[in-house]
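Below is one structure, written out as structure tokens; the observations come after it.
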Amino acid sequence: MNDLRIITTGGTFDKRYDAIKGELTFRESQLPRILQQSRLTLSVCLEGPLAVDSLYMSEEERENIVKYIENSEEKRIVVIHGTDTMVNTARLTASSGKIEGKTVVFTGAMIPYSLENSDAEFNLGFAVASAQLLPGGVYIAMGGRVYNWNEVRKNREKGIFEKIV
């Protein structure tokens, strides 16, 4: 068993600019390279069940992500997810009833890793640290803050995650 499992589902984090199509698209995940560059000393199992923009994620795909989490041997899990519907998948994960004793931290990026000024690396490092330090439960880690899954929303106007008051 590894120290940590990272499940990548796509989202802005892993998008790259396709000069032919003139749009951001998915190719292979950039996480292996990011993890190598970060010199992470934890043993990590990296899974990439899908590469989809979370706005287009189906309920079946969301349920499959939860199954990956439930079936993980690792107790510490980071999920790379699109920011637009991250809270929806976190809610489904928390309500599954099959993650007891696991710490699941969802994170993503507002700007793709492949572009300048991306928050992807910071958010990933923060999520990895959070997964090691937090007790069992489901969390969202973005922009240097960690939230319980049911106490956060994405503020699209400001481009940040914020606590629900």
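Naming scheme: A, B, ... for chains in displayed order of the structure tokens; residues 1 onward per chain; ligands 1 onward as shown.
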Just the strand (DSSP E) stuff from chain A, please, per backbone DSSP, written as a PyMOL selection string.
chain A and resi 4-8+15-18+23-26+44-47+76-80+103-107+137-142+145-148+152-155+160-163
Which residues are close to region 106-111 of chain A, i.e. within 6 Å by only C-alpha atoms, leaving aside same-chain residues fewer than 6 positions away? Reply as a PyMOL selection string.
chain A and resi 12-13+78-83+118-120+140-142
Just want the 12 Å neighbourhood of Arg145 (chain A), counted on only C-alpha atoms, with same-chain residues fewer than 4 positions away dropped. Output as a short mmCIF file (atom, residue, chain, number, x, y, z; two decimals) with C-alpha atoms, in the first residue's frame.
```
data_model
loop_
_atom_site.label_atom_id
_atom_site.label_comp_id
_atom_site.auth_asym_id
_atom_site.auth_seq_id
_atom_site.Cartn_x
_atom_site.Cartn_y
_atom_site.Cartn_z
CA VAL A 105 -9.13 16.10 -0.39
CA PHE A 106 -10.45 17.57 -3.64
CA THR A 107 -8.39 20.20 -5.43
CA PHE A 122 0.50 25.14 -5.25
CA ASN A 123 -2.97 23.63 -4.90
CA PHE A 126 -1.41 22.07 -0.38
CA ALA A 127 -3.85 19.21 -0.97
CA ALA A 129 -0.16 18.23 2.87
CA SER A 130 -3.81 18.57 3.90
CA TYR A 139 -12.51 18.35 2.08
CA ILE A 140 -11.89 20.96 -0.62
CA ALA A 141 -8.39 22.53 -0.68
CA VAL A 152 -17.74 25.85 0.64
CA ILE A 160 -12.10 31.83 -5.63
CA PHE A 161 -13.54 29.28 -3.26
CA GLU A 162 -15.12 30.69 -0.13
CA LYS A 163 -16.73 29.50 3.05
#
```
Near-Gln132 (chain A) list (12 Å; only C-alpha atoms; drop same-chain fewer than 4 positions) as a list in words:
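Non-adjacent residues within range: Asp3, Leu4, Arg5, Leu42, Glu74, Lys75, Arg76, Ile77, Val78, Lys102, Thr103, Val104, Val105, Gly125, Phe126, Ala127, Val128, Gly136 and Gly137 of chain A.
Among the candidates A:Thr41, A:Val66, A:Gly11, A:Thr89, the one nearest to Ser54 (chain A) when counting only C-alpha atoms is A:Gly11.
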Quick one: everything within 10 Å of Asn150 (chain A), counting only C-alpha atoms, minus sequence neighbours fewer than 5 positions away in the same chain. Send it as a VMD selection string.
chain A and resid 87 to 88 90 to 91 94 138 to 140 163 to 164
Please save N, CA, C and O atoms of the selected residues as a tab-separated table (two decimals), in the first residue's frame.
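Saved to result09.tsv:
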```tsv
chain	number	residue	atom	x	y	z
A	87	VAL	N	-17.54	20.53	-5.80
A	87	VAL	CA	-18.35	20.39	-4.59
A	87	VAL	C	-19.41	19.30	-4.78
A	87	VAL	O	-19.72	18.55	-3.85
A	88	ASN	N	-19.95	19.17	-5.99
A	88	ASN	CA	-20.95	18.12	-6.27
A	88	ASN	C	-20.38	16.73	-6.06
A	88	ASN	O	-21.01	15.86	-5.46
A	90	ALA	N	-17.68	16.00	-4.31
A	90	ALA	CA	-17.34	15.88	-2.89
A	90	ALA	C	-18.59	15.50	-2.08
A	90	ALA	O	-18.52	14.65	-1.19
A	91	ARG	N	-19.72	16.11	-2.40
A	91	ARG	CA	-20.98	15.79	-1.71
A	91	ARG	C	-21.35	14.32	-1.92
A	91	ARG	O	-21.70	13.61	-0.97
A	94	ALA	N	-19.00	12.14	0.15
A	94	ALA	CA	-19.32	12.18	1.59
A	94	ALA	C	-20.57	11.38	1.90
A	94	ALA	O	-20.67	10.77	2.97
A	138	VAL	N	-14.17	14.49	4.10
A	138	VAL	CA	-14.10	14.98	2.72
A	138	VAL	C	-13.91	16.48	2.76
A	138	VAL	O	-14.67	17.20	3.42
A	139	TYR	N	-12.90	16.95	2.03
A	139	TYR	CA	-12.51	18.35	2.08
A	139	TYR	C	-12.27	18.91	0.68
A	139	TYR	O	-12.03	18.16	-0.27
A	140	ILE	N	-12.28	20.23	0.58
A	140	ILE	CA	-11.89	20.96	-0.62
A	140	ILE	C	-10.69	21.83	-0.21
A	140	ILE	O	-10.77	22.57	0.77
A	163	LYS	N	-15.91	30.17	2.06
A	163	LYS	CA	-16.73	29.50	3.05
A	163	LYS	C	-18.17	30.01	2.94
A	163	LYS	O	-18.39	31.20	2.75
A	164	ILE	N	-19.11	29.09	3.03
A	164	ILE	CA	-20.52	29.45	3.05
A	164	ILE	C	-20.84	29.96	4.44
A	164	ILE	O	-20.56	29.30	5.42
```
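The closest residue to Asn71 (chain A), picked from A:Ile6, A:Met1, A:Ile99, A:Val165 and counting only C-alpha atoms, is A:Ile99.
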Using only C-alpha atoms, which of A:Ser72, A:Val44, A:Glu59, A:Gly101 sits nearest Thr85 (chain A)?
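Answer, going by the shortest atom-to-atom distance: A:Glu59.
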Run DSSP on the backbone of this structure and report the residues of chain A it assigns to alpha helix (DSSP H), as a PDB file with N, CA and C atoms, in the first residue's frame.
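Dumped to out.pdb:
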```
ATOM      1  N   LEU A  31       0.369  15.136 -14.307  1.00  0.00           N
ATOM      2  CA  LEU A  31       0.710  14.844 -12.915  1.00  0.00           C
ATOM      3  C   LEU A  31       2.003  14.058 -12.736  1.00  0.00           C
ATOM      4  N   PRO A  32       2.311  13.046 -13.551  1.00  0.00           N
ATOM      5  CA  PRO A  32       3.597  12.366 -13.343  1.00  0.00           C
ATOM      6  C   PRO A  32       4.783  13.325 -13.370  1.00  0.00           C
ATOM      7  N   ARG A  33       4.766  14.260 -14.318  1.00  0.00           N
ATOM      8  CA  ARG A  33       5.854  15.238 -14.410  1.00  0.00           C
ATOM      9  C   ARG A  33       5.857  16.184 -13.213  1.00  0.00           C
ATOM     10  N   ILE A  34       4.684  16.635 -12.797  1.00  0.00           N
ATOM     11  CA  ILE A  34       4.597  17.541 -11.655  1.00  0.00           C
ATOM     12  C   ILE A  34       5.126  16.855 -10.401  1.00  0.00           C
ATOM     13  N   LEU A  35       4.733  15.609 -10.196  1.00  0.00           N
ATOM     14  CA  LEU A  35       5.183  14.869  -9.006  1.00  0.00           C
ATOM     15  C   LEU A  35       6.693  14.657  -9.021  1.00  0.00           C
ATOM     16  N   GLN A  36       7.251  14.377 -10.200  1.00  0.00           N
ATOM     17  CA  GLN A  36       8.703  14.206 -10.307  1.00  0.00           C
ATOM     18  C   GLN A  36       9.423  15.519  -9.998  1.00  0.00           C
ATOM     19  N   GLN A  37       8.934  16.604 -10.548  1.00  0.00           N
ATOM     20  CA  GLN A  37       9.555  17.908 -10.319  1.00  0.00           C
ATOM     21  C   GLN A  37       9.448  18.342  -8.863  1.00  0.00           C
ATOM     22  N   SER A  38       8.377  17.937  -8.195  1.00  0.00           N
ATOM     23  CA  SER A  38       8.163  18.379  -6.813  1.00  0.00           C
ATOM     24  C   SER A  38       9.049  17.624  -5.818  1.00  0.00           C
ATOM     25  N   GLU A  59     -23.385  12.111 -14.261  1.00  0.00           N
ATOM     26  CA  GLU A  59     -23.579  11.538 -12.922  1.00  0.00           C
ATOM     27  C   GLU A  59     -22.918  10.165 -12.831  1.00  0.00           C
ATOM     28  N   GLU A  60     -22.936   9.418 -13.906  1.00  0.00           N
ATOM     29  CA  GLU A  60     -22.285   8.107 -13.925  1.00  0.00           C
ATOM     30  C   GLU A  60     -20.773   8.258 -13.737  1.00  0.00           C
ATOM     31  N   GLU A  61     -20.174   9.236 -14.385  1.00  0.00           N
ATOM     32  CA  GLU A  61     -18.739   9.479 -14.213  1.00  0.00           C
ATOM     33  C   GLU A  61     -18.443   9.906 -12.776  1.00  0.00           C
ATOM     34  N   ARG A  62     -19.303  10.740 -12.218  1.00  0.00           N
ATOM     35  CA  ARG A  62     -19.143  11.174 -10.827  1.00  0.00           C
ATOM     36  C   ARG A  62     -19.210   9.965  -9.879  1.00  0.00           C
ATOM     37  N   GLU A  63     -20.174   9.088 -10.115  1.00  0.00           N
ATOM     38  CA  GLU A  63     -20.311   7.871  -9.298  1.00  0.00           C
ATOM     39  C   GLU A  63     -19.098   6.959  -9.437  1.00  0.00           C
ATOM     40  N   ASN A  64     -18.511   6.908 -10.637  1.00  0.00           N
ATOM     41  CA  ASN A  64     -17.305   6.099 -10.834  1.00  0.00           C
ATOM     42  C   ASN A  64     -16.125   6.657 -10.049  1.00  0.00           C
ATOM     43  N   ILE A  65     -16.021   7.978  -9.961  1.00  0.00           N
ATOM     44  CA  ILE A  65     -14.960   8.590  -9.154  1.00  0.00           C
ATOM     45  C   ILE A  65     -15.122   8.156  -7.696  1.00  0.00           C
ATOM     46  N   VAL A  66     -16.350   8.187  -7.208  1.00  0.00           N
ATOM     47  CA  VAL A  66     -16.620   7.767  -5.827  1.00  0.00           C
ATOM     48  C   VAL A  66     -16.233   6.303  -5.641  1.00  0.00           C
ATOM     49  N   LYS A  67     -16.482   5.461  -6.613  1.00  0.00           N
ATOM     50  CA  LYS A  67     -16.099   4.037  -6.516  1.00  0.00           C
ATOM     51  C   LYS A  67     -14.583   3.890  -6.425  1.00  0.00           C
ATOM     52  N   TYR A  68     -13.853   4.696  -7.202  1.00  0.00           N
ATOM     53  CA  TYR A  68     -12.394   4.667  -7.109  1.00  0.00           C
ATOM     54  C   TYR A  68     -11.944   5.027  -5.692  1.00  0.00           C
ATOM     55  N   ILE A  69     -12.581   6.019  -5.108  1.00  0.00           N
ATOM     56  CA  ILE A  69     -12.242   6.440  -3.747  1.00  0.00           C
ATOM     57  C   ILE A  69     -12.585   5.328  -2.757  1.00  0.00           C
ATOM     58  N   GLU A  70     -13.771   4.785  -2.871  1.00  0.00           N
ATOM     59  CA  GLU A  70     -14.212   3.713  -1.960  1.00  0.00           C
ATOM     60  C   GLU A  70     -13.298   2.497  -2.035  1.00  0.00           C
ATOM     61  N   ASN A  71     -12.841   2.151  -3.245  1.00  0.00           N
ATOM     62  CA  ASN A  71     -12.023   0.955  -3.446  1.00  0.00           C
ATOM     63  C   ASN A  71     -10.537   1.166  -3.194  1.00  0.00           C
ATOM     64  N   MET A  86     -16.705  20.521  -8.508  1.00  0.00           N
ATOM     65  CA  MET A  86     -15.949  19.799  -7.485  1.00  0.00           C
ATOM     66  C   MET A  86     -16.788  19.536  -6.235  1.00  0.00           C
ATOM     67  N   VAL A  87     -17.538  20.528  -5.798  1.00  0.00           N
ATOM     68  CA  VAL A  87     -18.350  20.385  -4.586  1.00  0.00           C
ATOM     69  C   VAL A  87     -19.414  19.299  -4.781  1.00  0.00           C
ATOM     70  N   ASN A  88     -19.954  19.167  -5.994  1.00  0.00           N
ATOM     71  CA  ASN A  88     -20.953  18.124  -6.266  1.00  0.00           C
ATOM     72  C   ASN A  88     -20.376  16.732  -6.059  1.00  0.00           C
ATOM     73  N   THR A  89     -19.173  16.493  -6.585  1.00  0.00           N
ATOM     74  CA  THR A  89     -18.540  15.183  -6.436  1.00  0.00           C
ATOM     75  C   THR A  89     -18.114  14.957  -4.989  1.00  0.00           C
ATOM     76  N   ALA A  90     -17.683  16.000  -4.313  1.00  0.00           N
ATOM     77  CA  ALA A  90     -17.338  15.879  -2.888  1.00  0.00           C
ATOM     78  C   ALA A  90     -18.585  15.497  -2.082  1.00  0.00           C
ATOM     79  N   ARG A  91     -19.717  16.106  -2.401  1.00  0.00           N
ATOM     80  CA  ARG A  91     -20.982  15.794  -1.712  1.00  0.00           C
ATOM     81  C   ARG A  91     -21.346  14.318  -1.921  1.00  0.00           C
ATOM     82  N   LEU A  92     -21.243  13.847  -3.153  1.00  0.00           N
ATOM     83  CA  LEU A  92     -21.554  12.448  -3.462  1.00  0.00           C
ATOM     84  C   LEU A  92     -20.602  11.510  -2.728  1.00  0.00           C
ATOM     85  N   THR A  93     -19.344  11.890  -2.638  1.00  0.00           N
ATOM     86  CA  THR A  93     -18.348  11.088  -1.919  1.00  0.00           C
ATOM     87  C   THR A  93     -18.700  11.003  -0.443  1.00  0.00           C
ATOM     88  N   ALA A  94     -18.999  12.140   0.151  1.00  0.00           N
ATOM     89  CA  ALA A  94     -19.318  12.176   1.587  1.00  0.00           C
ATOM     90  C   ALA A  94     -20.574  11.379   1.896  1.00  0.00           C
ATOM     91  N   ALA A 120      -1.982  25.472 -10.123  1.00  0.00           N
ATOM     92  CA  ALA A 120      -2.062  24.007 -10.047  1.00  0.00           C
ATOM     93  C   ALA A 120      -1.033  23.405  -9.087  1.00  0.00           C
ATOM     94  N   GLU A 121       0.232  23.774  -9.240  1.00  0.00           N
ATOM     95  CA  GLU A 121       1.273  23.180  -8.387  1.00  0.00           C
ATOM     96  C   GLU A 121       1.046  23.507  -6.916  1.00  0.00           C
ATOM     97  N   PHE A 122       0.735  24.750  -6.633  1.00  0.00           N
ATOM     98  CA  PHE A 122       0.501  25.140  -5.245  1.00  0.00           C
ATOM     99  C   PHE A 122      -0.677  24.367  -4.663  1.00  0.00           C
ATOM    100  N   ASN A 123      -1.784  24.323  -5.401  1.00  0.00           N
ATOM    101  CA  ASN A 123      -2.967  23.631  -4.896  1.00  0.00           C
ATOM    102  C   ASN A 123      -2.709  22.145  -4.689  1.00  0.00           C
ATOM    103  N   LEU A 124      -1.950  21.530  -5.589  1.00  0.00           N
ATOM    104  CA  LEU A 124      -1.620  20.117  -5.423  1.00  0.00           C
ATOM    105  C   LEU A 124      -0.789  19.909  -4.161  1.00  0.00           C
ATOM    106  N   GLY A 125       0.260  20.706  -3.975  1.00  0.00           N
ATOM    107  CA  GLY A 125       1.092  20.565  -2.780  1.00  0.00           C
ATOM    108  C   GLY A 125       0.298  20.787  -1.505  1.00  0.00           C
ATOM    109  N   PHE A 126      -0.571  21.782  -1.540  1.00  0.00           N
ATOM    110  CA  PHE A 126      -1.407  22.073  -0.377  1.00  0.00           C
ATOM    111  C   PHE A 126      -2.358  20.917  -0.091  1.00  0.00           C
ATOM    112  N   ALA A 127      -2.929  20.341  -1.142  1.00  0.00           N
ATOM    113  CA  ALA A 127      -3.850  19.206  -0.966  1.00  0.00           C
ATOM    114  C   ALA A 127      -3.124  17.970  -0.428  1.00  0.00           C
ATOM    115  N   VAL A 128      -1.911  17.724  -0.911  1.00  0.00           N
ATOM    116  CA  VAL A 128      -1.127  16.582  -0.419  1.00  0.00           C
ATOM    117  C   VAL A 128      -0.828  16.762   1.065  1.00  0.00           C
ATOM    118  N   ALA A 129      -0.422  17.958   1.461  1.00  0.00           N
ATOM    119  CA  ALA A 129      -0.156  18.230   2.874  1.00  0.00           C
ATOM    120  C   ALA A 129      -1.432  18.096   3.693  1.00  0.00           C
ATOM    121  N   SER A 130      -2.532  18.641   3.183  1.00  0.00           N
ATOM    122  CA  SER A 130      -3.812  18.568   3.900  1.00  0.00           C
ATOM    123  C   SER A 130      -4.258  17.124   4.100  1.00  0.00           C
ATOM    124  N   ALA A 131      -4.082  16.294   3.072  1.00  0.00           N
ATOM    125  CA  ALA A 131      -4.490  14.890   3.169  1.00  0.00           C
ATOM    126  C   ALA A 131      -3.718  14.153   4.266  1.00  0.00           C
ATOM    127  N   GLN A 132      -2.494  14.582   4.516  1.00  0.00           N
ATOM    128  CA  GLN A 132      -1.690  13.935   5.556  1.00  0.00           C
ATOM    129  C   GLN A 132      -2.038  14.433   6.955  1.00  0.00           C
ATOM    130  N   LEU A 133      -2.533  15.653   7.057  1.00  0.00           N
ATOM    131  CA  LEU A 133      -2.725  16.279   8.365  1.00  0.00           C
ATOM    132  C   LEU A 133      -4.162  16.256   8.880  1.00  0.00           C
TER     133      LEU A 133
END
```
Could you check how far CA of Thr8 (chain A) sits from CA of Gly159 (chain A), in Å to one decimal?
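According to the coordinates, CA of Thr8 (chain A) and CA of Gly159 (chain A) are separated by 21.4 Å.
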